[in-house]
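Below is entry_29.cif, holding mmCIF, C-alpha atoms.
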```cif
data_work
loop_
_atom_site.label_atom_id
_atom_site.label_comp_id
_atom_site.auth_asym_id
_atom_site.auth_seq_id
_atom_site.Cartn_x
_atom_site.Cartn_y
_atom_site.Cartn_z
CA MET A 39 -172.86 -42.50 109.86
CA SER A 40 -172.02 -45.57 107.85
CA PRO A 41 -170.09 -45.19 104.58
CA GLU A 42 -172.05 -45.48 101.38
CA PRO A 43 -171.38 -47.28 98.12
CA VAL A 44 -170.57 -45.29 95.03
CA GLY A 45 -170.52 -47.83 92.27
CA ALA A 46 -168.66 -50.85 90.95
CA PRO A 47 -169.74 -54.13 89.29
CA ASP A 48 -167.83 -57.38 88.80
CA LEU A 49 -168.01 -59.26 85.54
CA ARG A 50 -166.83 -62.49 84.20
CA GLY A 51 -168.59 -63.78 81.15
CA LYS A 52 -167.67 -66.43 78.72
CA GLY A 53 -166.40 -64.76 75.58
CA ARG A 54 -169.04 -62.05 75.31
CA TYR A 55 -166.56 -59.20 74.93
CA PRO A 56 -163.26 -60.82 73.93
CA GLY A 57 -160.29 -58.52 73.68
CA LEU A 58 -161.70 -55.85 76.02
CA VAL A 59 -160.10 -56.86 79.28
CA THR A 60 -157.08 -55.18 80.86
CA PRO A 61 -155.62 -55.75 84.29
CA SER A 62 -155.94 -52.82 86.67
CA LYS A 63 -152.96 -51.90 88.79
CA PRO A 64 -153.48 -51.45 92.50
CA GLY A 65 -154.30 -47.84 93.22
CA ARG A 66 -154.78 -46.97 89.58
CA ALA A 67 -157.44 -44.32 89.03
CA ALA A 68 -156.79 -43.14 85.50
CA ARG A 69 -158.66 -44.64 82.57
CA PRO A 70 -156.53 -47.13 80.65
CA SER A 71 -155.35 -46.08 77.21
CA ARG A 72 -156.79 -47.63 74.08
CA SER A 73 -153.35 -48.99 73.19
CA ALA A 74 -153.07 -50.62 76.59
CA LEU A 75 -156.44 -52.27 76.08
CA ARG A 76 -155.22 -53.74 72.80
CA ALA A 77 -151.85 -54.84 74.12
CA ILE A 78 -152.72 -56.59 77.33
CA GLY A 79 -155.67 -58.68 76.15
CA LEU A 80 -157.61 -61.12 78.32
CA ALA A 81 -156.31 -61.30 81.89
CA VAL A 82 -157.70 -61.45 85.37
CA ALA A 83 -158.01 -57.94 86.81
CA SER A 84 -156.33 -57.30 90.15
CA LEU A 85 -158.63 -55.30 92.39
CA VAL A 86 -157.68 -52.36 94.57
CA ALA A 87 -158.52 -52.51 98.25
CA VAL A 88 -161.27 -50.36 99.68
CA ALA A 89 -160.80 -48.40 102.86
CA CYS A 90 -163.45 -50.37 104.69
CA GLY A 91 -161.97 -53.71 103.53
CA SER A 92 -163.16 -57.20 104.44
CA ASN A 93 -161.56 -60.00 106.35
CA GLY A 94 -163.24 -62.40 103.93
CA SER A 95 -165.05 -64.37 106.56
CA GLY A 96 -168.26 -62.36 106.75
CA PRO A 97 -170.77 -62.26 109.57
CA PRO A 98 -173.13 -65.08 110.47
CA ALA A 99 -175.81 -65.57 107.84
CA PRO A 100 -178.53 -62.97 108.47
CA THR A 101 -182.14 -63.87 108.31
CA GLY A 102 -185.15 -62.04 107.04
CA PRO A 103 -187.28 -60.58 109.83
CA ALA A 104 -190.66 -62.04 110.64
CA VAL A 105 -192.86 -59.27 109.27
CA SER A 106 -196.11 -58.74 107.46
CA SER A 107 -196.18 -60.04 103.93
CA PRO A 108 -195.15 -57.59 101.21
CA SER A 109 -197.66 -59.26 98.93
CA GLN A 110 -200.41 -58.63 101.45
CA ALA A 111 -199.33 -55.01 101.75
CA THR A 112 -199.38 -54.46 97.99
CA GLY A 113 -202.27 -56.61 96.92
CA SER A 114 -199.98 -58.59 94.64
CA THR A 115 -201.12 -61.78 93.02
CA SER A 116 -197.69 -62.71 91.62
CA SER A 117 -195.71 -65.61 92.98
CA PRO A 118 -192.23 -64.83 94.30
CA PRO A 119 -189.37 -66.21 92.21
CA THR A 120 -188.04 -69.60 93.18
CA ALA A 121 -184.88 -71.41 92.18
CA SER A 122 -185.28 -74.14 89.63
CA HIS A 123 -182.34 -76.08 91.04
CA ASP A 124 -180.33 -75.79 94.28
CA LEU A 125 -178.55 -72.58 95.22
CA ALA A 126 -176.23 -74.55 97.49
CA ASP A 127 -174.83 -76.29 94.41
CA ALA A 128 -174.16 -73.13 92.40
CA GLN A 129 -170.47 -72.88 91.47
CA VAL A 130 -169.55 -69.56 89.91
CA GLU A 131 -166.61 -67.37 89.04
CA LEU A 132 -166.00 -63.88 87.70
CA ARG A 133 -164.66 -63.34 84.22
CA PRO A 134 -163.12 -59.94 83.43
CA VAL A 135 -164.80 -58.04 80.60
CA ALA A 136 -163.22 -54.58 80.69
CA THR A 137 -161.31 -52.09 82.78
CA LEU A 138 -162.86 -48.62 82.82
CA GLU A 139 -162.76 -45.58 85.08
CA GLN A 140 -165.00 -46.14 88.11
CA PRO A 141 -167.78 -48.09 86.36
CA LEU A 142 -171.00 -47.62 88.28
CA ALA A 143 -174.05 -48.76 86.31
CA ILE A 144 -174.92 -51.01 83.37
CA ALA A 145 -177.75 -50.92 80.84
CA VAL A 146 -178.70 -52.62 77.61
CA ARG A 147 -180.45 -51.08 74.63
CA PRO A 148 -183.19 -53.10 72.93
CA GLY A 149 -181.94 -54.68 69.71
CA ASP A 150 -178.36 -53.60 70.39
CA PRO A 151 -175.71 -56.22 71.26
CA ALA A 152 -173.50 -53.75 73.15
CA LEU A 153 -173.35 -53.40 76.92
CA TYR A 154 -173.50 -49.78 78.09
CA VAL A 155 -171.61 -48.79 81.22
CA ALA A 156 -171.79 -45.50 83.12
CA GLU A 157 -168.50 -44.30 84.55
CA LYS A 158 -168.85 -42.27 87.73
CA VAL A 159 -166.63 -39.55 86.26
CA GLY A 160 -169.29 -38.74 83.65
CA ARG A 161 -168.90 -40.99 80.62
CA VAL A 162 -171.16 -43.65 79.12
CA VAL A 163 -169.11 -46.33 77.39
CA ALA A 164 -170.27 -49.00 74.93
CA LEU A 165 -168.70 -52.46 75.17
CA ALA A 166 -169.11 -54.63 72.08
CA ASP A 167 -167.61 -57.84 70.73
CA HIS A 168 -164.16 -57.49 69.19
CA ALA A 169 -164.10 -53.73 69.68
CA GLU A 170 -162.48 -51.26 72.04
CA PRO A 171 -164.68 -49.46 74.55
CA ARG A 172 -166.36 -46.52 72.84
CA THR A 173 -167.53 -43.35 74.59
CA VAL A 174 -171.11 -42.57 73.54
CA LEU A 175 -171.74 -39.70 75.99
CA ASP A 176 -169.26 -37.51 77.82
CA LEU A 177 -170.39 -35.34 80.73
CA THR A 178 -167.00 -35.01 82.39
CA GLY A 179 -166.58 -31.50 83.74
CA GLN A 180 -170.33 -31.26 84.31
CA VAL A 181 -170.68 -33.76 87.17
CA SER A 182 -169.62 -33.40 90.78
CA GLN A 183 -166.98 -35.82 92.00
CA GLY A 184 -167.81 -36.34 95.66
CA SER A 185 -167.66 -39.88 96.98
CA GLU A 186 -171.41 -40.40 96.46
CA GLN A 187 -171.77 -38.10 93.48
CA GLY A 188 -171.18 -38.26 89.74
CA LEU A 189 -172.91 -40.08 86.89
CA LEU A 190 -174.98 -42.52 88.92
CA GLY A 191 -177.44 -44.25 86.59
CA LEU A 192 -178.57 -44.83 83.03
CA ALA A 193 -181.46 -46.48 81.20
CA PHE A 194 -182.70 -46.81 77.64
CA SER A 195 -186.31 -46.30 76.66
CA PRO A 196 -188.15 -49.52 75.75
CA ASP A 197 -187.86 -48.67 72.04
CA GLY A 198 -184.16 -47.79 72.33
CA ALA A 199 -184.67 -44.31 70.91
CA PHE A 200 -183.70 -42.40 74.06
CA LEU A 201 -180.98 -42.61 76.68
CA TYR A 202 -181.72 -41.32 80.18
CA VAL A 203 -178.95 -40.54 82.67
CA ASP A 204 -179.00 -39.55 86.34
CA PHE A 205 -176.12 -37.39 87.59
CA THR A 206 -175.21 -34.78 90.18
CA ASP A 207 -174.03 -31.45 88.77
CA ILE A 208 -171.07 -29.42 90.05
CA ASN A 209 -173.35 -27.96 92.74
CA GLY A 210 -174.32 -31.47 93.85
CA ASP A 211 -177.92 -31.34 92.62
CA THR A 212 -179.61 -34.20 90.77
CA HIS A 213 -180.51 -34.14 87.08
CA VAL A 214 -182.31 -36.76 85.03
CA THR A 215 -181.55 -35.92 81.41
CA GLU A 216 -182.72 -37.34 78.08
CA TYR A 217 -180.82 -37.77 74.81
CA ARG A 218 -181.90 -39.17 71.50
CA PHE A 219 -179.70 -42.14 70.76
CA GLY A 220 -178.44 -43.38 67.40
CA ASP A 221 -175.70 -45.48 65.87
CA ASP A 222 -173.06 -42.93 66.87
CA GLY A 223 -174.28 -42.66 70.44
CA ALA A 224 -176.12 -39.96 72.33
CA GLN A 225 -177.01 -36.95 70.17
CA GLU A 226 -175.89 -34.16 72.48
CA SER A 227 -177.82 -31.48 70.58
CA THR A 228 -181.04 -33.20 71.68
CA ARG A 229 -180.25 -32.96 75.40
CA ARG A 230 -183.38 -32.28 77.42
CA GLU A 231 -183.83 -31.87 81.15
CA VAL A 232 -186.48 -34.25 82.44
CA LEU A 233 -186.17 -33.80 86.22
CA PHE A 234 -184.17 -31.58 88.56
CA VAL A 235 -183.95 -32.12 92.32
CA THR A 236 -182.07 -29.88 94.75
CA GLN A 237 -179.87 -31.88 97.13
CA PRO A 238 -179.40 -30.45 100.64
CA PHE A 239 -176.26 -32.52 101.34
CA SER A 240 -173.67 -34.32 99.23
CA ASN A 241 -174.58 -37.88 100.19
CA HIS A 242 -177.58 -40.17 99.70
CA ASN A 243 -178.29 -39.29 96.08
CA GLY A 244 -179.65 -42.68 95.00
CA GLY A 245 -179.31 -42.38 91.23
CA ALA A 246 -180.51 -45.69 89.79
CA LEU A 247 -182.82 -45.58 86.76
CA ALA A 248 -184.84 -48.38 85.16
CA PHE A 249 -187.89 -48.78 82.98
CA GLY A 250 -190.40 -51.08 84.60
CA PRO A 251 -192.44 -53.80 82.91
CA ASP A 252 -195.20 -51.17 82.60
CA GLY A 253 -193.01 -48.98 80.37
CA TYR A 254 -192.65 -46.17 82.91
CA LEU A 255 -189.34 -44.77 84.15
CA TYR A 256 -188.52 -45.46 87.81
CA ILE A 257 -186.04 -43.16 89.58
CA ALA A 258 -184.34 -43.73 92.95
CA LEU A 259 -183.61 -40.80 95.25
CA GLY A 260 -182.03 -40.93 98.69
CA ASP A 261 -183.26 -38.93 101.67
CA GLY A 262 -181.01 -35.95 100.89
CA GLY A 263 -178.12 -36.94 103.09
CA SER A 264 -176.39 -35.97 106.30
CA GLY A 265 -177.26 -38.61 108.92
CA GLY A 266 -180.50 -39.75 110.46
CA ASP A 267 -182.64 -37.92 107.87
CA PRO A 268 -182.63 -34.55 109.71
CA TYR A 269 -185.46 -33.10 107.57
CA GLY A 270 -187.67 -36.16 107.78
CA ASN A 271 -187.68 -36.53 104.00
CA GLY A 272 -188.15 -40.29 104.00
CA GLN A 273 -191.60 -40.05 105.58
CA SER A 274 -192.66 -36.80 103.91
CA LEU A 275 -194.85 -36.98 100.81
CA SER A 276 -194.15 -33.32 100.05
CA THR A 277 -190.62 -34.01 98.77
CA LEU A 278 -189.17 -36.32 96.13
CA LEU A 279 -186.26 -37.23 98.40
CA GLY A 280 -186.22 -40.68 100.00
CA LYS A 281 -188.44 -42.13 97.28
CA ILE A 282 -188.83 -44.30 94.23
CA LEU A 283 -190.47 -42.14 91.56
CA ARG A 284 -192.53 -43.33 88.59
CA ILE A 285 -192.98 -41.08 85.55
CA SER A 286 -193.58 -41.09 81.82
CA PRO A 287 -190.39 -39.31 80.78
CA ARG A 288 -191.56 -37.75 77.50
CA PRO A 289 -193.07 -34.24 77.53
CA SER A 290 -196.76 -34.12 78.41
CA ASP A 291 -199.26 -31.25 78.70
CA GLY A 292 -196.55 -28.61 78.55
CA ARG A 293 -194.45 -30.34 81.23
CA PRO A 294 -191.11 -32.11 80.77
CA TYR A 295 -192.65 -35.45 81.79
CA GLY A 296 -195.99 -37.07 82.40
CA ILE A 297 -197.33 -38.56 85.60
CA PRO A 298 -199.18 -41.89 85.35
CA LYS A 299 -202.77 -41.44 86.46
CA ASP A 300 -202.57 -44.54 88.63
CA ASN A 301 -199.61 -43.33 90.69
CA PRO A 302 -200.68 -43.79 94.32
CA PHE A 303 -200.58 -40.13 95.43
CA VAL A 304 -202.08 -38.43 92.40
CA GLY A 305 -204.66 -35.96 93.63
CA ARG A 306 -203.67 -36.12 97.29
CA PRO A 307 -203.21 -32.59 98.67
CA GLY A 308 -199.62 -31.82 99.62
CA ALA A 309 -198.22 -35.03 98.10
CA LYS A 310 -195.89 -35.20 95.11
CA PRO A 311 -197.70 -37.17 92.40
CA GLU A 312 -194.41 -38.56 91.03
CA ILE A 313 -193.94 -40.70 94.15
CA TRP A 314 -194.35 -44.44 93.77
CA ASP A 315 -192.85 -45.70 97.06
CA TYR A 316 -191.34 -43.92 100.07
CA GLY A 317 -189.56 -44.39 103.39
CA LEU A 318 -186.12 -45.04 101.84
CA ARG A 319 -182.75 -43.85 103.13
CA ASN A 320 -180.45 -44.38 100.16
CA PRO A 321 -181.78 -46.94 97.67
CA TRP A 322 -178.49 -48.12 96.25
CA ARG A 323 -179.53 -50.03 93.17
CA PHE A 324 -182.95 -51.42 92.42
CA SER A 325 -184.01 -53.90 89.75
CA PHE A 326 -187.03 -55.63 88.28
CA ASP A 327 -187.22 -59.41 88.14
CA ARG A 328 -187.52 -59.94 84.39
CA GLU A 329 -189.73 -63.01 84.93
CA THR A 330 -192.15 -61.89 87.64
CA GLY A 331 -191.92 -58.09 87.46
CA ASP A 332 -191.19 -57.85 91.20
CA LEU A 333 -189.22 -54.75 92.24
CA TRP A 334 -186.13 -55.35 94.40
CA ILE A 335 -184.43 -52.54 96.33
CA GLY A 336 -181.19 -52.48 98.29
CA ASP A 337 -181.53 -49.70 100.89
CA VAL A 338 -178.40 -48.59 102.72
CA GLY A 339 -178.76 -48.45 106.50
CA GLN A 340 -177.70 -45.81 109.00
CA GLN A 341 -175.31 -47.56 111.36
CA ALA A 342 -176.77 -50.87 112.46
CA TRP A 343 -178.74 -52.67 109.71
CA GLU A 344 -178.65 -53.09 105.93
CA GLU A 345 -181.84 -54.11 104.17
CA ILE A 346 -183.28 -55.54 100.97
CA ASP A 347 -186.88 -54.72 100.15
CA VAL A 348 -189.26 -56.19 97.63
CA GLU A 349 -192.45 -54.93 96.05
CA ARG A 350 -194.42 -57.64 94.31
CA ALA A 351 -195.63 -57.18 90.76
CA GLY A 352 -199.18 -55.92 90.60
CA SER A 353 -198.67 -53.57 93.52
CA PRO A 354 -200.60 -50.27 93.32
CA GLY A 355 -197.53 -48.56 94.80
CA GLY A 356 -197.52 -46.33 97.85
CA LEU A 357 -195.44 -48.69 100.00
CA ASN A 358 -193.72 -47.20 103.03
CA PHE A 359 -190.41 -48.96 103.69
CA GLY A 360 -190.07 -47.31 107.08
CA TRP A 361 -187.08 -44.96 107.12
CA ASN A 362 -186.50 -43.03 109.39
CA LEU A 363 -189.03 -44.56 111.75
CA TYR A 364 -187.27 -47.89 111.28
CA GLU A 365 -183.83 -49.01 110.18
CA GLY A 366 -184.56 -52.36 108.63
CA SER A 367 -187.12 -54.00 110.91
CA HIS A 368 -185.74 -52.21 113.98
CA PRO A 369 -187.04 -48.96 115.49
CA TYR A 370 -184.89 -45.91 114.73
CA GLN A 371 -186.95 -42.80 115.51
CA GLY A 372 -189.65 -45.17 116.65
CA GLY A 373 -193.35 -45.37 116.09
CA SER A 374 -195.87 -47.98 115.13
CA PRO A 375 -194.85 -50.49 112.46
CA ALA A 376 -198.45 -50.58 111.25
CA GLY A 377 -198.64 -49.85 107.56
CA LEU A 378 -194.92 -50.29 106.99
CA THR A 379 -193.44 -52.80 104.55
CA MET A 380 -190.54 -54.46 106.32
CA PRO A 381 -187.49 -55.87 104.51
CA VAL A 382 -187.48 -59.37 103.17
CA PHE A 383 -183.83 -59.62 104.21
CA GLU A 384 -181.52 -57.67 106.51
CA TYR A 385 -178.09 -58.08 108.04
CA PRO A 386 -176.33 -56.33 110.93
CA HIS A 387 -173.18 -54.23 110.97
CA ASP A 388 -170.43 -56.29 112.50
CA GLY A 389 -167.30 -54.40 111.47
CA THR A 390 -167.00 -56.03 108.04
CA VAL A 391 -170.01 -54.45 106.31
CA CYS A 392 -171.16 -50.91 105.68
CA ALA A 393 -173.55 -50.52 102.73
CA VAL A 394 -175.69 -52.94 100.77
CA THR A 395 -175.25 -53.10 97.01
CA GLY A 396 -178.58 -54.23 95.58
CA GLY A 397 -178.55 -56.73 92.76
CA PHE A 398 -180.82 -58.87 90.57
CA VAL A 399 -182.82 -62.05 90.61
CA TYR A 400 -180.82 -64.28 88.28
CA ARG A 401 -182.78 -65.36 85.20
CA GLY A 402 -179.99 -66.37 82.84
CA MET A 403 -179.33 -69.84 81.42
CA ALA A 404 -175.61 -70.26 82.04
CA ILE A 405 -175.88 -71.08 85.78
CA PRO A 406 -178.96 -73.27 86.34
CA ASP A 407 -178.44 -73.63 90.10
CA LEU A 408 -178.60 -69.85 90.49
CA VAL A 409 -181.91 -69.38 88.69
CA GLY A 410 -184.45 -67.58 90.86
CA ALA A 411 -181.87 -66.51 93.45
CA TYR A 412 -181.36 -62.86 94.34
CA VAL A 413 -177.67 -61.93 93.95
CA PHE A 414 -176.30 -58.94 95.87
CA GLY A 415 -173.36 -57.81 98.00
CA ASP A 416 -172.02 -55.27 100.46
CA TYR A 417 -169.66 -52.50 99.39
CA CYS A 418 -167.23 -53.02 102.27
CA ARG A 419 -167.35 -56.80 102.63
CA GLY A 420 -167.12 -57.24 98.88
CA GLN A 421 -168.51 -60.79 98.89
CA LEU A 422 -171.08 -61.82 96.29
CA GLU A 423 -174.05 -63.31 98.12
CA ALA A 424 -177.38 -64.86 97.22
CA PHE A 425 -180.61 -66.11 98.73
CA VAL A 426 -183.78 -67.70 97.39
CA PRO A 427 -187.03 -65.80 98.04
CA ARG A 428 -189.80 -68.09 99.23
CA GLY A 429 -192.99 -66.35 100.22
CA ASP A 430 -192.05 -63.70 102.76
CA ARG A 431 -188.72 -65.29 103.62
CA ALA A 432 -185.20 -65.21 102.27
CA THR A 433 -183.98 -68.81 102.34
CA GLY A 434 -180.70 -70.57 101.71
CA HIS A 435 -178.56 -67.46 102.09
CA ARG A 436 -174.94 -68.15 101.19
CA LEU A 437 -171.73 -66.48 100.11
CA LEU A 438 -170.85 -67.39 96.54
CA GLY A 439 -167.11 -67.51 97.23
CA LEU A 440 -166.26 -64.41 95.18
CA HIS A 441 -164.77 -61.17 96.46
CA VAL A 442 -164.74 -57.78 94.73
CA ASP A 443 -163.05 -54.71 96.17
CA GLY A 444 -165.30 -51.66 95.79
CA LEU A 445 -168.39 -53.71 94.91
CA ALA A 446 -170.56 -50.91 93.58
CA SER A 447 -173.22 -52.24 91.23
CA PHE A 448 -174.71 -55.15 89.32
CA GLY A 449 -176.07 -55.28 85.80
CA GLU A 450 -178.03 -57.62 83.57
CA ASP A 451 -177.66 -58.21 79.84
CA ALA A 452 -180.38 -59.02 77.33
CA ASP A 453 -180.03 -62.74 78.09
CA GLY A 454 -180.43 -62.30 81.84
CA GLU A 455 -176.76 -62.92 82.61
CA LEU A 456 -175.29 -60.88 85.45
CA TYR A 457 -172.39 -58.45 85.58
CA VAL A 458 -170.61 -56.67 88.41
CA CYS A 459 -168.94 -53.25 88.52
CA ALA A 460 -166.05 -52.37 90.85
CA LEU A 461 -165.07 -48.78 91.56
CA SER A 462 -161.48 -49.90 91.14
CA GLY A 463 -162.27 -50.12 87.43
CA GLU A 464 -163.23 -53.68 86.65
CA VAL A 465 -166.33 -54.93 84.92
CA PHE A 466 -166.91 -58.67 85.28
CA LYS A 467 -169.42 -61.25 84.15
CA LEU A 468 -170.75 -63.95 86.46
CA VAL A 469 -170.19 -67.34 84.83
CA PRO A 470 -170.22 -71.01 85.85
CA ARG A 471 -166.99 -72.16 87.40
CA GLU A 472 -164.88 -74.22 85.07
CA ALA A 473 -163.95 -77.67 86.32
#
```

Take the structure in the file and write it out as structure tokens.
Amino acid sequence: MSPEPVGAPDLRGKGRYPGLVTPSKPGRAARPSRSALRAIGLAVASLVAVACGSNGSGPPAPTGPAVSSPSQATGSTSSPPTASHDLADAQVELRPVATLEQPLAIAVRPGDPALYVAEKVGRVVALADHAEPRTVLDLTGQVSQGSEQGLLGLAFSPDGAFLYVDFTDINGDTHVTEYRFGDDGAQESTRREVLFVTQPFSNHNGGALAFGPDGYLYIALGDGGSGGDPYGNGQSLSTLLGKILRISPRPSDGRPYGIPKDNPFVGRPGAKPEIWDYGLRNPWRFSFDRETGDLWIGDVGQQAWEEIDVERAGSPGGLNFGWNLYEGSHPYQGGSPAGLTMPVFEYPHDGTVCAVTGGFVYRGMAIPDLVGAYVFGDYCRGQLEAFVPRGDRATGHRLLGLHVDGLASFGEDADGELYVCALSGEVFKLVPREA
């Protein structure tokens, strides 16, 4: 079974969080002290090596499979994002923002200038201009610490009043929990369980959270783990595992959350009405294109192929991304591809890769040649990569010339600028390369 990512973004941004950056020492796992953060100041972080390391060269550029159109499968009328300039001309670098303890996910709160980062060990940390990192929620001691476990995702409600976190407890089971959020952070007395999911194995927990353009909360869950999906969870509509869920997270009709009436499986006997999409192995990071509303998913493969899936805005949901019948666009257990939504992009295992880290379509202003390109990476190879979606094809794929050890996650700020998290501790911002 291929190794899985467990979180880490890379960030270099021009002056957004001055004074927060510290260098991380190779092998360092402990969280840096506040005094160290003050003393060291702005410096380029040195990254620890990951066990599955990269030779830096990367495999030949993969191509998206020739498959049926996702837009045809979903009934979408949106146009896929396109670059406004030329991806081949994009020159970028990473600027260190902060060194934390295993940063794994990033979120922004409406109307709040801070950047919020989830640490895998169980803390949510606020990064703000001219201030030290501030812990706004601490779940350490309550989360499991396996390689694919911990505090895995966070999201703020569209009005900023609530913080939602996704974590695995000390038994390894998944919780999505809500907190009221104020100036001092999460109000722990308001903690409320939204969703609980029993996990049969320790791996493939998914964990990403995001509110969609429709205002509903989307939740990623892996197939439950082990290898090869032994329980067939990916293709089963009777379990939440191996899915993207879509809920209204506030209490409704005596239940801890509501289910949108237009979810695709509402009313179907034997099907979980929370399900939005299915057929996923371990969706490691998903995101919405802030311009088009398209949903992008990085789904970690079994042992041969890594894939990136897209669901166009306007979709009624119910897409089947194929696992475990298919790994990428290639038969795994086998069966007819009819009715499956194949990846828009995939790449093979060649000894340098192991697990896709899904990213974002870049919509910022700082790097014009990157606009409209989907930026992503692979946990083991550690190279930042990008391609331009055109129709059903991924075009112009290229490495961006940046390497991050433990490339675990990407994030987006309120201006559409991109950040990267590395499990080695670094948070970076993607910025234009200085001449």

- [ ] Tell me which protein, DNA and RNA residues are within 6 Å of A:Val394, counting all atoms listed in the file, leaving out same-chain ones fewer than 2 positions away, and put them as a ChimeraX atom specification.
- [x] /A:338,344,416

Emit the selected residues as a tab-separated table (two decimals), in the frame of the given file, including C-alpha atoms.
```tsv
chain	number	residue	atom	x	y	z
A	338	VAL	CA	-178.40	-48.59	102.72
A	344	GLU	CA	-178.65	-53.09	105.93
A	416	ASP	CA	-172.02	-55.27	100.46
```

- [ ] Would you translate the PyMOL selection byres ((chain A and resi 144-155) around 6) into the concrete set of residues it matches in this file, as number ranges by chain?
- [x] A: 143, 156, 162-166, 193-194, 198, 449

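Across the model, the gap from atom CA of A:Glu345 to atom CA of A:Tyr202 is 27.2 Å.
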
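Rounded to one decimal, atom CA of A:Thr236 and atom CA of A:Leu378 lie 27.0 Å from each other.
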
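Interatomic distance, atom CA of A:Asn301 to atom CA of A:Leu283: 9.3 Å.
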
Open item on the list: With distances taken over only C-alpha atoms, which residue among A:Gln421, A:Gln341, A:Thr395, A:Thr433 lies nearest A:Leu132?
Closed with: A:Gln421

Task: Residue members of the PyMOL selection byres ((chain A and resi 331) around 9) in the file shown, as a ChimeraX atom specification - done: /A:116,250-251,326-330,332-333,350-352

TODO: To verify the selection step, state as a ChimeraX atom specification which residues the PyMOL selection byres ((chain A and resi 370) around 12) yields on this input.
DONE: /A:266-267,319,339-343,360-369,371-375

Open item on the list: Neighbouring residues of A:Arg293 were defined as those with any atom within 12 Å, considering only C-alpha atoms; residues of the same chain fewer than 5 positions away were excluded. Please report them as a PyMOL selection string.
Closed with: chain A and resi 230-233+285-288

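Among A:Asp337, A:Leu177, A:Glu312, A:Asp451, the residue with the shortest atom-to-atom distance to A:Glu226, counting all atoms listed in the file, is A:Leu177.
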
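Taking only C-alpha atoms into account, A:Leu440 lies nearest to A:Arg471 out of the set A:Arg471, A:Arg323, A:Arg428, A:His168.
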
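Distances to A:Asp407 were evaluated for A:Leu422, A:Leu259, A:Phe383, A:Pro470 using only C-alpha atoms, and the minimum falls at A:Pro470.
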
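The shortest atom-to-atom distance to A:Cys392, with only C-alpha atoms taken into account, belongs to A:Leu445 out of A:Glu349, A:Phe359, A:Leu445, A:Ala128.
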
Open item on the list: Please return as a ChimeraX atom specification every residue within 12 Å of (-177.5, -69.1, 92.1), taking into account all atoms listed in the file and the file's own coordinates.
Closed with: /A:120-131,398-414,422-427,434-439,455-456,468-471
